[in-house]
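Printed here is work37.tsv (TSV, C-alpha atoms and all ligand atoms):
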```tsv
chain	number	residue	atom	x	y	z
S	1	MET	CA	113.76	32.55	-50.38
S	2	LEU	CA	110.04	31.83	-50.20
S	3	LYS	CA	106.99	34.05	-50.43
S	4	ILE	CA	104.51	33.64	-47.62
S	5	ASP	CA	101.60	35.68	-46.26
S	6	LEU	CA	100.11	34.99	-42.85
S	7	HIS	CA	97.92	38.10	-42.49
S	8	ILE	CA	95.19	38.67	-45.09
S	9	HIS	CA	91.61	39.98	-44.88
S	10	SER	CA	88.67	39.00	-47.07
S	11	ALA	CA	85.14	40.37	-47.52
S	12	PHE	CA	84.14	38.12	-44.58
S	13	SER	CA	85.52	40.98	-42.44
S	14	ASP	CA	86.69	44.29	-43.93
S	15	GLY	CA	88.63	43.21	-47.02
S	16	THR	CA	87.20	43.67	-50.47
S	17	LEU	CA	87.93	40.28	-52.09
S	18	SER	CA	86.38	36.84	-51.61
S	19	PRO	CA	88.63	34.06	-50.28
S	20	GLN	CA	88.58	32.43	-53.73
S	21	VAL	CA	89.75	35.60	-55.51
S	22	LEU	CA	92.41	36.15	-52.82
S	23	VAL	CA	93.79	32.67	-53.40
S	24	ARG	CA	94.05	33.36	-57.15
S	25	GLU	CA	95.99	36.54	-56.29
S	26	LEU	CA	98.25	34.52	-53.97
S	27	LYS	CA	98.93	32.02	-56.77
S	28	GLU	CA	99.70	34.79	-59.23
S	29	LYS	CA	102.18	36.35	-56.76
S	30	ARG	CA	103.73	32.88	-56.16
S	31	VAL	CA	102.92	32.82	-52.46
S	32	CYS	CA	103.30	29.28	-51.19
S	33	VAL	CA	102.09	29.44	-47.54
S	34	ALA	CA	99.14	31.64	-46.60
S	35	SER	CA	96.57	32.30	-43.91
S	36	LEU	CA	93.28	34.21	-44.07
S	37	THR	CA	93.04	36.22	-40.84
S	38	ASP	CA	89.72	38.05	-40.81
S	39	HIS	CA	88.80	40.21	-37.82
S	40	ASP	CA	86.88	38.18	-35.20
S	41	THR	CA	85.41	35.67	-37.65
S	42	VAL	CA	86.46	32.32	-39.09
S	43	ASP	CA	83.62	32.15	-41.62
S	44	GLY	CA	86.00	32.54	-44.57
S	45	VAL	CA	88.52	29.95	-43.37
S	46	GLU	CA	87.01	26.81	-44.90
S	47	PRO	CA	86.42	28.30	-48.40
S	48	PHE	CA	89.93	29.80	-48.22
S	49	LEU	CA	91.55	26.46	-47.31
S	50	ALA	CA	89.53	24.64	-50.02
S	51	ALA	CA	90.68	27.19	-52.65
S	52	CYS	CA	94.29	26.82	-51.41
S	53	ARG	CA	94.08	23.04	-51.81
S	54	ARG	CA	92.81	23.42	-55.40
S	55	LEU	CA	95.74	25.68	-56.32
S	56	SER	CA	98.39	23.78	-54.32
S	57	ILE	CA	99.06	26.55	-51.82
S	58	GLN	CA	99.75	25.54	-48.22
S	59	GLY	CA	96.76	27.11	-46.46
S	60	VAL	CA	96.81	27.62	-42.68
S	61	SER	CA	93.64	28.33	-40.68
S	62	GLY	CA	93.75	31.85	-39.28
S	63	VAL	CA	91.95	34.69	-37.50
S	64	GLU	CA	92.81	38.16	-36.14
S	65	LEU	CA	91.28	38.58	-32.70
S	66	SER	CA	90.66	41.90	-30.99
S	67	ALA	CA	91.81	41.85	-27.37
S	68	THR	CA	92.07	44.50	-24.69
S	69	HIS	CA	95.22	45.13	-22.70
S	70	ASP	CA	95.35	48.86	-21.78
S	71	ARG	CA	94.60	49.41	-25.45
S	72	VAL	CA	93.23	47.18	-28.22
S	73	LEU	CA	95.71	44.55	-29.37
S	74	HIS	CA	95.39	42.32	-32.40
S	75	ILE	CA	96.33	38.71	-31.78
S	76	LEU	CA	96.62	36.44	-34.80
S	77	GLY	CA	95.71	32.79	-34.31
S	78	TYR	CA	97.00	30.04	-36.63
S	79	ALA	CA	96.58	26.35	-37.29
S	80	PHE	CA	93.59	25.91	-34.96
S	81	ASP	CA	90.44	23.89	-35.44
S	82	PRO	CA	88.03	26.41	-37.06
S	83	ARG	CA	85.03	24.52	-35.66
S	84	HIS	CA	86.23	24.64	-32.06
S	85	GLU	CA	83.19	25.60	-29.99
S	86	ALA	CA	84.85	27.78	-27.33
S	87	LEU	CA	86.71	29.73	-30.01
S	88	ARG	CA	83.48	30.32	-31.94
S	89	VAL	CA	81.73	31.53	-28.78
S	90	GLY	CA	84.63	33.91	-27.99
S	91	LEU	CA	84.59	35.31	-31.52
S	92	GLU	CA	80.86	35.89	-31.31
S	93	ARG	CA	81.34	37.80	-28.06
S	94	ASN	CA	83.95	39.98	-29.75
S	95	ARG	CA	81.58	40.64	-32.67
S	96	ASN	CA	78.92	41.72	-30.17
S	97	SER	CA	81.45	44.11	-28.58
S	98	ARG	CA	82.12	45.47	-32.08
S	99	ASN	CA	78.41	46.08	-32.61
S	100	ILE	CA	78.14	48.03	-29.35
S	101	ARG	CA	81.19	50.10	-30.28
S	102	ASN	CA	79.99	50.67	-33.85
S	103	ALA	CA	76.66	52.02	-32.56
S	104	GLN	CA	78.50	54.43	-30.23
S	105	ILE	CA	80.76	55.60	-33.07
S	106	CYS	CA	77.72	56.34	-35.25
S	107	GLU	CA	76.08	58.26	-32.40
S	108	LYS	CA	79.23	60.37	-32.03
S	109	LEU	CA	79.34	60.95	-35.77
S	110	ARG	CA	75.76	62.18	-35.81
S	111	ALA	CA	76.52	64.49	-32.89
S	112	LEU	CA	79.37	65.85	-35.02
S	113	GLY	CA	76.96	66.56	-37.86
S	114	CYS	CA	77.60	63.51	-40.07
S	115	ASP	CA	74.42	62.07	-41.45
S	116	VAL	CA	75.34	58.37	-41.09
S	117	THR	CA	73.56	55.51	-39.33
S	118	LEU	CA	74.69	52.17	-38.03
S	119	ALA	CA	72.10	50.51	-40.28
S	120	GLU	CA	73.82	52.03	-43.35
S	121	ALA	CA	77.23	50.68	-42.31
S	122	GLU	CA	75.73	47.28	-41.50
S	123	THR	CA	73.95	47.14	-44.87
S	124	LEU	CA	77.24	47.85	-46.68
S	125	ALA	CA	78.93	45.11	-44.65
S	126	ARG	CA	76.12	42.62	-45.29
S	127	GLU	CA	76.07	43.36	-49.02
S	128	ALA	CA	79.82	42.62	-49.13
S	129	GLY	CA	79.20	39.29	-47.36
S	130	SER	CA	80.83	40.34	-44.08
S	131	SER	CA	80.00	38.70	-40.79
S	132	SER	CA	82.23	41.06	-38.77
S	133	VAL	CA	81.35	44.75	-39.05
S	134	GLY	CA	84.12	47.23	-38.41
S	135	ARG	CA	85.29	50.80	-38.72
S	136	PRO	CA	86.11	50.42	-42.44
S	137	HIS	CA	82.39	49.79	-43.09
S	138	ILE	CA	81.52	52.99	-41.18
S	139	ALA	CA	84.18	54.78	-43.27
S	140	GLN	CA	82.49	53.45	-46.43
S	141	ALA	CA	79.11	54.71	-45.22
S	142	LEU	CA	80.64	58.15	-44.54
S	143	CYS	CA	82.05	58.18	-48.09
S	144	ALA	CA	78.78	57.02	-49.63
S	145	LYS	CA	76.96	59.85	-47.84
S	146	GLY	CA	79.49	62.40	-49.12
S	147	CYS	CA	80.63	63.30	-45.58
S	148	VAL	CA	84.28	62.59	-46.45
S	149	PRO	CA	86.15	62.43	-49.76
S	150	SER	CA	87.94	59.12	-48.99
S	151	LEU	CA	88.17	56.23	-46.56
S	152	GLN	CA	91.52	57.54	-45.34
S	153	VAL	CA	90.02	60.94	-44.51
S	154	ALA	CA	87.24	59.15	-42.62
S	155	PHE	CA	89.89	57.48	-40.43
S	156	ASP	CA	92.07	60.54	-40.06
S	157	ARG	CA	89.23	62.91	-39.23
S	158	TYR	CA	86.89	60.67	-37.25
S	159	LEU	CA	87.78	57.03	-36.69
S	160	LYS	CA	91.44	56.54	-35.75
S	161	ARG	CA	92.63	56.49	-32.15
S	162	GLY	CA	92.45	60.05	-30.82
S	163	ALA	CA	90.09	61.28	-33.57
S	164	SER	CA	86.75	62.94	-32.79
S	165	ALA	CA	84.43	59.93	-33.15
S	166	HIS	CA	86.84	57.29	-31.82
S	167	VAL	CA	85.39	54.99	-29.17
S	168	PHE	CA	87.49	52.76	-26.94
S	169	GLN	CA	85.80	49.38	-26.66
S	170	SER	CA	86.78	46.50	-24.41
S	171	PHE	CA	87.12	43.13	-26.08
S	172	MET	CA	88.21	39.86	-24.47
S	173	THR	CA	91.37	40.22	-22.39
S	174	ALA	CA	94.69	39.40	-24.01
S	175	GLU	CA	95.13	36.42	-21.65
S	176	GLU	CA	91.68	35.07	-22.50
S	177	CYS	CA	92.45	35.49	-26.19
S	178	LEU	CA	95.74	33.57	-25.90
S	179	GLN	CA	94.00	30.76	-24.02
S	180	LEU	CA	91.19	30.55	-26.57
S	181	VAL	CA	93.63	30.14	-29.47
S	182	ARG	CA	95.73	27.61	-27.52
S	183	GLY	CA	92.57	25.77	-26.43
S	184	ALA	CA	91.55	25.36	-30.08
S	185	GLY	CA	94.97	23.80	-30.78
S	186	GLY	CA	96.32	26.99	-32.33
S	187	LEU	CA	99.34	29.28	-32.17
S	188	PRO	CA	98.83	32.91	-31.02
S	189	VAL	CA	100.98	35.65	-32.55
S	190	LEU	CA	101.07	39.38	-31.74
S	191	ALA	CA	100.17	41.32	-34.90
S	192	HIS	CA	101.92	44.50	-36.11
S	193	PRO	CA	103.61	45.37	-32.76
S	194	ARG	CA	104.79	48.78	-33.99
S	195	GLN	CA	101.25	49.83	-34.97
S	196	THR	CA	100.08	48.75	-31.52
S	197	ALA	CA	102.58	50.07	-29.01
S	198	LEU	CA	105.45	52.52	-28.69
S	199	LEU	CA	108.88	50.99	-28.97
S	200	ASP	CA	109.66	51.11	-25.24
S	201	GLN	CA	106.28	49.54	-24.38
S	202	ILE	CA	106.86	46.46	-26.53
S	203	PRO	CA	109.29	44.48	-24.26
S	204	PRO	CA	107.01	44.58	-21.15
S	205	LEU	CA	104.02	43.73	-23.36
S	206	LEU	CA	105.84	40.74	-24.87
S	207	SER	CA	106.94	39.57	-21.47
S	208	ARG	CA	103.36	39.53	-20.20
S	209	LEU	CA	101.91	37.96	-23.37
S	210	LYS	CA	104.63	35.30	-23.46
S	211	ALA	CA	103.67	34.30	-19.90
S	212	GLY	CA	100.07	34.00	-21.14
S	213	GLY	CA	100.99	31.63	-23.97
S	214	LEU	CA	102.06	33.87	-26.90
S	215	TRP	CA	103.85	31.79	-29.56
S	216	GLY	CA	105.01	34.28	-32.15
S	217	LEU	CA	105.64	37.88	-33.16
S	218	GLU	CA	104.70	39.36	-36.54
S	219	CYS	CA	108.06	40.81	-37.53
S	220	TRP	CA	107.46	41.55	-41.20
S	221	SER	CA	104.36	43.72	-41.31
S	222	PRO	CA	103.31	46.73	-43.39
S	223	GLY	CA	104.94	49.96	-42.36
S	224	ASN	CA	107.88	48.14	-40.73
S	225	ASN	CA	111.07	49.34	-42.39
S	226	ALA	CA	114.19	47.17	-42.53
S	227	ALA	CA	115.49	48.46	-39.17
S	228	GLU	CA	112.13	47.76	-37.52
S	229	VAL	CA	112.02	44.24	-38.96
S	230	TYR	CA	115.51	43.67	-37.58
S	231	ARG	CA	114.52	45.04	-34.16
S	232	SER	CA	111.38	42.85	-34.17
S	233	LEU	CA	113.49	39.78	-34.99
S	234	GLU	CA	115.78	40.62	-32.08
S	235	LEU	CA	112.79	40.98	-29.75
S	236	ALA	CA	111.36	37.68	-30.98
S	237	ALA	CA	114.67	35.97	-30.19
S	238	GLU	CA	114.90	37.67	-26.79
S	239	PHE	CA	111.43	36.50	-25.75
S	240	GLY	CA	111.56	33.05	-27.35
S	241	LEU	CA	108.89	33.87	-29.94
S	242	TYR	CA	108.68	32.63	-33.53
S	243	PRO	CA	108.90	35.38	-36.17
S	244	THR	CA	106.06	35.54	-38.74
S	245	ALA	CA	105.29	37.67	-41.79
S	246	GLY	CA	102.05	39.14	-43.13
S	247	SER	CA	100.93	41.90	-45.49
S	248	ASP	CA	97.62	42.79	-43.73
S	249	PHE	CA	96.20	42.97	-47.25
S	250	HIS	CA	92.61	44.25	-47.40
S	251	GLY	CA	92.17	44.15	-51.16
S	252	GLY	CA	94.47	47.02	-51.99
S	253	ARG	CA	92.33	49.46	-50.08
S	254	HIS	CA	94.74	51.14	-47.69
S	255	GLY	CA	97.52	51.48	-50.22
S	256	ALA	CA	98.92	48.07	-49.31
S	257	PRO	CA	100.98	46.84	-52.26
S	258	SER	CA	99.71	43.27	-52.54
S	259	VAL	CA	100.01	39.87	-50.95
S	260	GLY	CA	103.27	38.06	-50.28
S	261	ILE	CA	106.43	38.68	-48.26
S	262	ARG	CA	109.76	37.14	-49.16
S	263	VAL	CA	111.42	35.38	-46.25
S	264	ALA	CA	114.31	32.96	-45.81
S	265	GLU	CA	113.21	29.34	-45.74
S	266	ASP	CA	114.40	28.81	-42.20
S	267	VAL	CA	112.36	31.72	-40.79
S	268	LEU	CA	109.23	29.79	-40.06
S	269	PRO	CA	108.85	26.53	-38.23
S	270	TRP	CA	107.17	25.05	-41.28
S	271	ALA	CA	106.46	21.70	-39.81
S	272	ARG	CA	104.23	23.05	-37.03
S	273	LEU	CA	102.38	25.63	-39.10
S	274	CYS	CA	101.77	23.09	-41.83
S	275	GLY	CA	100.32	20.52	-39.50
S	276	GLY	CA	103.34	18.23	-39.18
S	277	LEU	CA	105.21	17.25	-35.99
J	1	LIG	P1	88.16	47.65	-36.36
J	1	LIG	O1	88.66	46.24	-36.21
J	1	LIG	O2	86.72	47.73	-36.69
J	1	LIG	O3	88.56	48.54	-35.21
J	1	LIG	O4	88.90	48.24	-37.65
J	1	LIG	C1	90.28	48.00	-37.81
J	1	LIG	C2	90.60	48.11	-39.28
J	1	LIG	O5	90.43	49.45	-39.69
J	1	LIG	C3	92.06	47.79	-39.60
J	1	LIG	O6	92.25	46.42	-39.84
J	1	LIG	C4	92.24	48.56	-40.88
J	1	LIG	O7	91.61	47.86	-41.94
J	1	LIG	C5	91.43	49.81	-40.63
J	1	LIG	N1	92.21	50.91	-40.01
J	1	LIG	C6	92.55	51.06	-38.71
J	1	LIG	N2	93.22	52.20	-38.50
J	1	LIG	C7	93.29	52.82	-39.70
J	1	LIG	C8	93.85	54.06	-40.15
J	1	LIG	N3	94.47	54.90	-39.30
J	1	LIG	N4	93.75	54.35	-41.47
J	1	LIG	C9	93.11	53.51	-42.31
J	1	LIG	N5	92.56	52.33	-41.96
J	1	LIG	C10	92.65	51.99	-40.67
J	2	ZN	ZN	91.01	45.35	-41.12
J	3	FE	FE	95.28	44.40	-37.16
J	4	FE	FE	94.69	42.89	-40.02
```
Let me see the structure of the file written as structure tokens.
Amino acid sequence: MLKIDLHIHSAFSDGTLSPQVLVRELKEKRVCVASLTDHDTVDGVEPFLAACRRLSIQGVSGVELSATHDRVLHILGYAFDPRHEALRVGLERNRNSRNIRNAQICEKLRALGCDVTLAEAETLAREAGSSSVGRPHIAQALCAKGCVPSLQVAFDRYLKRGASAHVFQSFMTAEECLQLVRGAGGLPVLAHPRQTALLDQIPPLLSRLKAGGLWGLECWSPGNNAAEVYRSLELAAEFGLYPTAGSDFHGGRHGAPSVGIRVAEDVLPWARLCGGL
């Protein structure tokens, strides 16, 4: 067995730790292959890979892209060139979509009586070093203003899908997202399928994404129990997708245990993810 982690967030998006501190945590937990997958930004990738090299961890370039396909999907991209121009332009477009959505969320919040501004959320994000502002920063601003007792209550009451200040925002299409990752030499993987779609919606979704260039399916992800991991592995096999594993660690914020998932050595196509073949 090996410990790997291909889904981690740093303070460059909505995690709490720097890439360097994350890599120390990975070393401590004996993780040997890892990818930093911040939301819609690759700004943390180079410092993360440099820190991995110093501590002899196999670092893989990564990102978690927001894409729209009926609802918002998260597509992980791996092993791409982080300086690829078209990818950078696409990520910037997604960050602009985030900014539009964030402003609308804050407007809704104020209409609901919460004294919170976009500028406050953006200041919190900037102070943390983030280049990709998201709902967790708005949740922090709500907490700081005393509108909610915790980040989780901010999501449950206002920010999650179906809650009173939720805003549906279009990002790049799923097909465009798959092409961008492939165009940068990378491998696109559907993140946390069970958080994204109902069980019976997953096969048609995978069929369409596979036709668009999807490479893998995140089978080990937080909240997936053993039966769901097994079902995800079966789906991966059925659709010819590679199974991957990630903790979606944000710095311990959402009750995530820590980094690192134990998998059998033959689970991942190591050679491709690690730059060989
Ligand atoms: P965004 O990309 O700005 O829409 O924010 C997505 C992030 O918000 C996720 O990666 C999680 O960190 C956090 N998040 C989303 N849904 C929830 C939820 N229901 N409870 C707590 N955190 C959540
Ligand atoms: Zn996040
Ligand atoms: Fe996600
Ligand atoms: Fe994530």
Interface rows for chain S against ligand FE 3 (chain J): nearest pair, Å to one decimal, 7 Å, all atoms listed in the file, as CSV:
```
residue,atom,partner,partner_atom,distance
S:Glu64,CA,J:FE3,FE,6.8
S:His74,CA,J:FE3,FE,5.2
S:Ala191,CA,J:FE3,FE,6.2
S:His192,CA,J:FE3,FE,6.7
```
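Using only C-alpha atoms, the shortest contact distance between Gly62 in chain S and any of S:Leu187, S:Leu214, S:Ala50, S:Ala163 is found at S:Leu187.
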### Task
Please indicate the distance in Å from CA of Gly251 in chain S to CA of Thr16 in chain S, rounded to one decimal place.
5.0 Å
### Interatomic distance, CA of Cys177 in chain S to CA of Leu198 in chain S (Å, one decimal)
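Between CA of Cys177 in chain S and CA of Leu198 in chain S the gap is 21.6 Å.
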### Message
Taking all atoms listed in the file into account, name the residue in S:Ala119, S:Val189, S:Val42, S:Leu2 that is nearest to Ser132 in chain S.
### Response
S:Val42
### Message
Taking only C-alpha atoms into account, name the residue in S:Val33, S:Leu241, S:Ala103, S:Ala197 that is nearest to Gly213 in chain S.
### Response
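Among the listed residues, the smallest separation from Gly213 in chain S belongs to S:Leu241.
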Hey, which bits of chain S sit within 8 Å of ligand FE 4 (chain J), and for each residue what's the closest pair of atoms and how far apart in Å (one decimal), counting all atoms listed in the file, rows by chain and increasing number, as CSV?
```
residue,atom,partner,partner_atom,distance
S:His7,CA,J:FE4,FE,6.3
S:Ile8,CA,J:FE4,FE,6.6
S:His9,CA,J:FE4,FE,6.4
S:Thr37,CA,J:FE4,FE,6.9
S:Asp38,CA,J:FE4,FE,7.0
S:His39,CA,J:FE4,FE,6.8
S:Glu64,CA,J:FE4,FE,6.4
S:His74,CA,J:FE4,FE,7.7
S:Ala191,CA,J:FE4,FE,7.7
S:Asp248,CA,J:FE4,FE,4.7
S:Phe249,CA,J:FE4,FE,7.4
S:His250,CA,J:FE4,FE,7.8
```
Residue subset to file, keeping C-alpha atoms, as an mmCIF file, in the coordinates of the input:
```cif
data_model
loop_
_atom_site.group_PDB
_atom_site.id
_atom_site.type_symbol
_atom_site.label_atom_id
_atom_site.label_comp_id
_atom_site.auth_asym_id
_atom_site.auth_seq_id
_atom_site.Cartn_x
_atom_site.Cartn_y
_atom_site.Cartn_z
ATOM 1 C CA HIS S 7 97.920 38.100 -42.490
ATOM 2 C CA ILE S 8 95.190 38.670 -45.090
ATOM 3 C CA HIS S 9 91.610 39.980 -44.880
ATOM 4 C CA THR S 37 93.040 36.220 -40.840
ATOM 5 C CA ASP S 38 89.720 38.050 -40.810
ATOM 6 C CA HIS S 39 88.800 40.210 -37.820
ATOM 7 C CA GLU S 64 92.810 38.160 -36.140
ATOM 8 C CA HIS S 74 95.390 42.320 -32.400
ATOM 9 C CA ALA S 191 100.170 41.320 -34.900
ATOM 10 C CA ASP S 248 97.620 42.790 -43.730
ATOM 11 C CA PHE S 249 96.200 42.970 -47.250
ATOM 12 C CA HIS S 250 92.610 44.250 -47.400
#
```
### Message
So the first atom is CA of Asp266 in chain S and the second is CA of Met1 in chain S; what is the distance between them in Å, to one decimal place?
### Response
9.0 Å
### Query
Taking (94.9, 26.0, -51.7) in the file's coordinates, which residues come within 12 Å, counting all atoms listed in the file, written as a ChimeraX atom specification?
/S:19-27,31-36,45-61
#### Entry: Nearest to ligand LIG 1 (chain J), chosen from S:Lys210, S:Lys160, S:Lys108, S:Arg88, with only C-alpha atoms and all ligand atoms counted in the distances
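Once distances to ligand LIG 1 (chain J) are computed over only C-alpha atoms and all ligand atoms, the minimum belongs to S:Lys160.
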### Task
Return as an MDAnalysis selection string every polymer residue, whether protein, DNA or RNA, with at least one atom no more than 9 Å from an atom of ligand LIG 1 (chain J); count all atoms listed in the file.
chainID S and resid 9 13:15 38:40 65:66 72 74 98 101:102 132:139 151:156 159:161 248:250 253:254
The selected residues should be written to file as an mmCIF file, in the frame of the given file (atoms: C-alpha atoms).
```cif
data_model
loop_
_atom_site.group_PDB
_atom_site.id
_atom_site.type_symbol
_atom_site.label_atom_id
_atom_site.label_comp_id
_atom_site.auth_asym_id
_atom_site.auth_seq_id
_atom_site.Cartn_x
_atom_site.Cartn_y
_atom_site.Cartn_z
ATOM 1 C CA HIS S 9 91.610 39.980 -44.880
ATOM 2 C CA SER S 13 85.520 40.980 -42.440
ATOM 3 C CA ASP S 14 86.690 44.290 -43.930
ATOM 4 C CA GLY S 15 88.630 43.210 -47.020
ATOM 5 C CA ASP S 38 89.720 38.050 -40.810
ATOM 6 C CA HIS S 39 88.800 40.210 -37.820
ATOM 7 C CA ASP S 40 86.880 38.180 -35.200
ATOM 8 C CA LEU S 65 91.280 38.580 -32.700
ATOM 9 C CA SER S 66 90.660 41.900 -30.990
ATOM 10 C CA VAL S 72 93.230 47.180 -28.220
ATOM 11 C CA HIS S 74 95.390 42.320 -32.400
ATOM 12 C CA ARG S 98 82.120 45.470 -32.080
ATOM 13 C CA ARG S 101 81.190 50.100 -30.280
ATOM 14 C CA ASN S 102 79.990 50.670 -33.850
ATOM 15 C CA SER S 132 82.230 41.060 -38.770
ATOM 16 C CA VAL S 133 81.350 44.750 -39.050
ATOM 17 C CA GLY S 134 84.120 47.230 -38.410
ATOM 18 C CA ARG S 135 85.290 50.800 -38.720
ATOM 19 C CA PRO S 136 86.110 50.420 -42.440
ATOM 20 C CA HIS S 137 82.390 49.790 -43.090
ATOM 21 C CA ILE S 138 81.520 52.990 -41.180
ATOM 22 C CA ALA S 139 84.180 54.780 -43.270
ATOM 23 C CA LEU S 151 88.170 56.230 -46.560
ATOM 24 C CA GLN S 152 91.520 57.540 -45.340
ATOM 25 C CA VAL S 153 90.020 60.940 -44.510
ATOM 26 C CA ALA S 154 87.240 59.150 -42.620
ATOM 27 C CA PHE S 155 89.890 57.480 -40.430
ATOM 28 C CA ASP S 156 92.070 60.540 -40.060
ATOM 29 C CA LEU S 159 87.780 57.030 -36.690
ATOM 30 C CA LYS S 160 91.440 56.540 -35.750
ATOM 31 C CA ARG S 161 92.630 56.490 -32.150
ATOM 32 C CA ASP S 248 97.620 42.790 -43.730
ATOM 33 C CA PHE S 249 96.200 42.970 -47.250
ATOM 34 C CA HIS S 250 92.610 44.250 -47.400
ATOM 35 C CA ARG S 253 92.330 49.460 -50.080
ATOM 36 C CA HIS S 254 94.740 51.140 -47.690
#
```
## Note on the structure
Min atom-atom distance to ligand ZN 2 (chain J) from the set S:Pro243, S:Pro193, S:Gly252, S:Gly77, counting all atoms listed in the file, belongs to S:Gly252
### Summary
The residue from S:Trp215, S:Phe168, S:Glu176, S:Ile261 with the smallest atom-to-atom distance to Arg71 in chain S, counting only C-alpha atoms, is S:Phe168
#### Entry: Spatial neighbours of Ser247 in chain S, max dist 10 Å, all atoms listed in the file, sep filter under 6 positions, as JSON, numbers by chain
{"S": [4, 5, 6, 7, 8, 9, 192, 220, 221, 222, 223, 256, 257, 258, 259, 260, 261]}
### Nearby residues, (103.4, 41.7, -22.9) file frame, 12 Å, all atoms listed in the file, as a VMD selection string
chain S and resid 68 to 71 73 75 174 to 175 178 189 to 190 193 196 to 197 200 to 217 235 239 241
Find the smallest box with edges along x, y and z containing every listed atom of range 50-61 of chain S, then add 8 Å on each side and report centre and edge lengths in Å to one decimal, as JSON.
```
{"center_x": 94.6, "center_y": 25.7, "center_z": -48.5, "size_x": 26.2, "size_y": 21.3, "size_z": 31.6}
```
Since the input lacks atoms, please generate all heavy atoms for range 248-253 of chain S and provide them as a PDB file, keeping the file's coordinate frame.
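Output file out.pdb follows:
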```
ATOM      1  N   ASP S 248      98.856  42.111 -44.189  1.00  0.00           N
ATOM      2  CA  ASP S 248      97.620  42.790 -43.730  1.00  0.00           C
ATOM      3  C   ASP S 248      96.849  43.328 -44.932  1.00  0.00           C
ATOM      4  O   ASP S 248      96.226  44.394 -44.865  1.00  0.00           O
ATOM      5  CB  ASP S 248      97.952  43.918 -42.735  1.00  0.00           C
ATOM      6  CG  ASP S 248      96.809  44.175 -41.759  1.00  0.00           C
ATOM      7  OD1 ASP S 248      95.760  43.523 -41.876  1.00  0.00           O
ATOM      8  OD2 ASP S 248      96.967  45.051 -40.891  1.00  0.00           O
ATOM      9  N   PHE S 249      96.881  42.574 -46.009  1.00  0.00           N
ATOM     10  CA  PHE S 249      96.200  42.970 -47.250  1.00  0.00           C
ATOM     11  C   PHE S 249      94.689  42.996 -47.035  1.00  0.00           C
ATOM     12  O   PHE S 249      94.117  42.077 -46.454  1.00  0.00           O
ATOM     13  CB  PHE S 249      96.559  41.928 -48.329  1.00  0.00           C
ATOM     14  CG  PHE S 249      96.042  42.237 -49.707  1.00  0.00           C
ATOM     15  CD1 PHE S 249      96.527  43.321 -50.411  1.00  0.00           C
ATOM     16  CD2 PHE S 249      95.097  41.415 -50.302  1.00  0.00           C
ATOM     17  CE1 PHE S 249      96.076  43.593 -51.697  1.00  0.00           C
ATOM     18  CE2 PHE S 249      94.643  41.678 -51.585  1.00  0.00           C
ATOM     19  CZ  PHE S 249      95.124  42.762 -52.278  1.00  0.00           C
ATOM     20  N   HIS S 250      94.067  44.115 -47.505  1.00  0.00           N
ATOM     21  CA  HIS S 250      92.610  44.250 -47.400  1.00  0.00           C
ATOM     22  C   HIS S 250      91.970  44.358 -48.778  1.00  0.00           C
ATOM     23  O   HIS S 250      90.850  44.832 -48.906  1.00  0.00           O
ATOM     24  CB  HIS S 250      92.230  45.490 -46.596  1.00  0.00           C
ATOM     25  CG  HIS S 250      92.362  45.362 -45.108  1.00  0.00           C
ATOM     26  ND1 HIS S 250      93.568  45.346 -44.456  1.00  0.00           N
ATOM     27  CD2 HIS S 250      91.419  45.241 -44.130  1.00  0.00           C
ATOM     28  CE1 HIS S 250      93.374  45.232 -43.148  1.00  0.00           C
ATOM     29  NE2 HIS S 250      92.073  45.157 -42.928  1.00  0.00           N
ATOM     30  N   GLY S 251      92.713  43.987 -49.809  1.00  0.00           N
ATOM     31  CA  GLY S 251      92.170  44.150 -51.160  1.00  0.00           C
ATOM     32  C   GLY S 251      92.689  45.423 -51.801  1.00  0.00           C
ATOM     33  O   GLY S 251      92.021  45.998 -52.635  1.00  0.00           O
ATOM     34  N   GLY S 252      93.850  45.857 -51.359  1.00  0.00           N
ATOM     35  CA  GLY S 252      94.470  47.020 -51.990  1.00  0.00           C
ATOM     36  C   GLY S 252      93.889  48.339 -51.512  1.00  0.00           C
ATOM     37  O   GLY S 252      94.177  49.379 -52.076  1.00  0.00           O
ATOM     38  N   ARG S 253      93.060  48.255 -50.451  1.00  0.00           N
ATOM     39  CA  ARG S 253      92.330  49.460 -50.080  1.00  0.00           C
ATOM     40  C   ARG S 253      93.203  50.521 -49.413  1.00  0.00           C
ATOM     41  O   ARG S 253      93.160  51.669 -49.780  1.00  0.00           O
ATOM     42  CB  ARG S 253      91.187  49.103 -49.137  1.00  0.00           C
ATOM     43  CG  ARG S 253      90.025  50.046 -49.326  1.00  0.00           C
ATOM     44  CD  ARG S 253      89.097  49.977 -48.150  1.00  0.00           C
ATOM     45  NE  ARG S 253      88.062  49.003 -48.388  1.00  0.00           N
ATOM     46  CZ  ARG S 253      87.623  48.171 -47.453  1.00  0.00           C
ATOM     47  NH1 ARG S 253      88.154  48.165 -46.255  1.00  0.00           N
ATOM     48  NH2 ARG S 253      86.679  47.314 -47.715  1.00  0.00           N
TER      49      ARG S 253
END
```
